[in-house]
Amino acid sequence: MIFSWQMILMIVLSSIFLAWFLYKPIRVNLSDEDSNIRINRQRQNELASDMSLGLIEESYYQEAEDEIIGTLASELKSIESKNLEIKPLIWSFITALFIAILSLSLYSQLAPKAIPSSLNKSIEPLSISDSIETLKDYLIENPEDFQTWKMLGMAQVAIDNVDESIETFERAYLINPTDIDLLLQYASAIAASQEGQFDGKSKALIEEAFILDPQSIQVLYFSGIVAAHEGNLNGAVEFWQKVLYLMPEDHPDRSIIEEALDTVLNLEVK
C-alpha cells in the first residue's frame, strides 16, 4: 500500500498538536503546585521572624510550624506522585502511534479497491432475448406487475415480435388502462401489424389517450397521424401545429414534426 506525503504530513501534524495539547495543562498544573510550596515556605520564614522578635509565644510558634511543615510535605508528596505518574513524552509517543494506526486503518477501509480484470470480463450485459426470458420468468411469480408487462411488450417490439407484443400490451392494459405511454405503445404495435394503418383498436387507443391528456405532445402527434391516415389533412395540421407550439425549441423530435407538417401542407396545396 502506497501512502501520499499529504497523508503522512497530516498524521505528524495531528500527533504534534495532540501531544502539545496534553502536555501544556500538565506544565500549568505543576507550576501551580510550585506556587503553593513557595507560599508555605514564605509563611514559615515569617513565623520564624515573628518568634525571634518576640511577637508570638514559643508554643504557638511550634504549633504553627508543625502545621506549615505538614502542608509543605503534603505538597511535595503530591508533586512527586504526579512526576512519577505523568510522563508527557511517553504519552505523546503513544498518542502519535494511536493516530497513525487509526489513520492507516481508515485509509485501508475507505481506499477504492480495484476490481479484478477477470471479473470485469465475466460480467456482460444481457441481450434483449435474455432480458425477455428474465421478464417472463419474473411475471410467472408476479402476474400483476404492470410495469414489467409494459417493459416486456416494448422489448418484444424491439426484436420485431409484434404479435406477442400485442398480447403482452393487452395484459398490461387490463391491469392499468389509463397509462398514456402504454396506450400509445399498444396502438403503435397494432398499427405495425396492420401495415402502419391506425384504425380500429389502434385508433380507439389513441382516442382514449387524448381524452386522458389532450395537451400531451405524444398524444397530439399520434392524433395527427390518425387524422392524416383518414384523409383529414386540416385536422392533422391542427394537431401538429399545436405540438410545435407546446414543444420546446430544442426538443430533439421537433424536426420530425416540422417535416410531417410540411408534407401535409404540400399535399393540401396540390
# chains A, B, ... in the order shown; residues from 1 in each chain; ligands from 1
>>> residues_around(residues="region 156-165 of chain A", least_positions_apart="2", cutoff="8 Å", atoms="only C-alpha atoms", output="PyMOL selection string")
chain A and resi 128+132+152-154+167-169+189-190+192-193
>>> residues_around(residues="Leu233 (chain A)", least_positions_apart="2", cutoff="9 Å", atoms="only C-alpha atoms", output="list in words")
Gly224, Ala227, Ala228, His229, Glu230, Gly231, Gly235, Ala236, Val237, Glu238, Val264, Leu265, Leu267 and Glu268 of chain A
>>> write_last_selection(atoms="N, CA and C atoms", output="PDB file, in the first residue's frame")
ATOM      1  N   GLY A 224     -52.581  13.410 -34.845  1.00  0.00           N
ATOM      2  CA  GLY A 224     -52.354  13.956 -36.184  1.00  0.00           C
ATOM      3  C   GLY A 224     -52.123  12.862 -37.203  1.00  0.00           C
ATOM      4  N   ALA A 227     -55.500  11.366 -38.056  1.00  0.00           N
ATOM      5  CA  ALA A 227     -56.244  12.278 -38.927  1.00  0.00           C
ATOM      6  C   ALA A 227     -55.701  12.243 -40.348  1.00  0.00           C
ATOM      7  N   ALA A 228     -54.389  12.205 -40.498  1.00  0.00           N
ATOM      8  CA  ALA A 228     -53.780  12.177 -41.831  1.00  0.00           C
ATOM      9  C   ALA A 228     -54.147  10.889 -42.556  1.00  0.00           C
ATOM     10  N   HIS A 229     -54.146   9.743 -41.857  1.00  0.00           N
ATOM     11  CA  HIS A 229     -54.497   8.472 -42.495  1.00  0.00           C
ATOM     12  C   HIS A 229     -55.959   8.426 -42.910  1.00  0.00           C
ATOM     13  N   GLU A 230     -56.772   9.172 -42.208  1.00  0.00           N
ATOM     14  CA  GLU A 230     -58.192   9.225 -42.562  1.00  0.00           C
ATOM     15  C   GLU A 230     -58.464  10.266 -43.652  1.00  0.00           C
ATOM     16  N   GLY A 231     -57.438  10.960 -44.083  1.00  0.00           N
ATOM     17  CA  GLY A 231     -57.602  11.991 -45.108  1.00  0.00           C
ATOM     18  C   GLY A 231     -57.985  13.341 -44.564  1.00  0.00           C
ATOM     19  N   GLY A 235     -57.197  18.512 -40.019  1.00  0.00           N
ATOM     20  CA  GLY A 235     -57.104  18.049 -38.636  1.00  0.00           C
ATOM     21  C   GLY A 235     -55.665  17.708 -38.257  1.00  0.00           C
ATOM     22  N   ALA A 236     -54.939  17.059 -39.202  1.00  0.00           N
ATOM     23  CA  ALA A 236     -53.538  16.716 -38.936  1.00  0.00           C
ATOM     24  C   ALA A 236     -52.702  17.971 -38.733  1.00  0.00           C
ATOM     25  N   VAL A 237     -52.932  18.984 -39.593  1.00  0.00           N
ATOM     26  CA  VAL A 237     -52.198  20.252 -39.462  1.00  0.00           C
ATOM     27  C   VAL A 237     -52.486  20.899 -38.109  1.00  0.00           C
ATOM     28  N   GLU A 238     -53.734  20.882 -37.697  1.00  0.00           N
ATOM     29  CA  GLU A 238     -54.106  21.500 -36.424  1.00  0.00           C
ATOM     30  C   GLU A 238     -53.417  20.814 -35.251  1.00  0.00           C
ATOM     31  N   VAL A 264     -47.786  17.448 -45.159  1.00  0.00           N
ATOM     32  CA  VAL A 264     -49.239  17.604 -45.237  1.00  0.00           C
ATOM     33  C   VAL A 264     -49.616  18.917 -45.914  1.00  0.00           C
ATOM     34  N   LEU A 265     -48.903  19.980 -45.605  1.00  0.00           N
ATOM     35  CA  LEU A 265     -49.218  21.277 -46.230  1.00  0.00           C
ATOM     36  C   LEU A 265     -48.978  21.228 -47.743  1.00  0.00           C
ATOM     37  N   LEU A 267     -49.315  18.595 -49.574  1.00  0.00           N
ATOM     38  CA  LEU A 267     -50.419  17.800 -50.147  1.00  0.00           C
ATOM     39  C   LEU A 267     -51.660  18.666 -50.282  1.00  0.00           C
ATOM     40  N   GLU A 268     -51.896  19.575 -49.323  1.00  0.00           N
ATOM     41  CA  GLU A 268     -53.049  20.444 -49.396  1.00  0.00           C
ATOM     42  C   GLU A 268     -52.947  21.396 -50.582  1.00  0.00           C
TER      43      GLU A 268
END
>>> select_by_dssp(residues="region 147-238 of chain A", states="helix (DSSP H, G or I)", output="number ranges by chain")
A: 147-158, 162-175, 180-193, 201-212, 217-229, 233-238
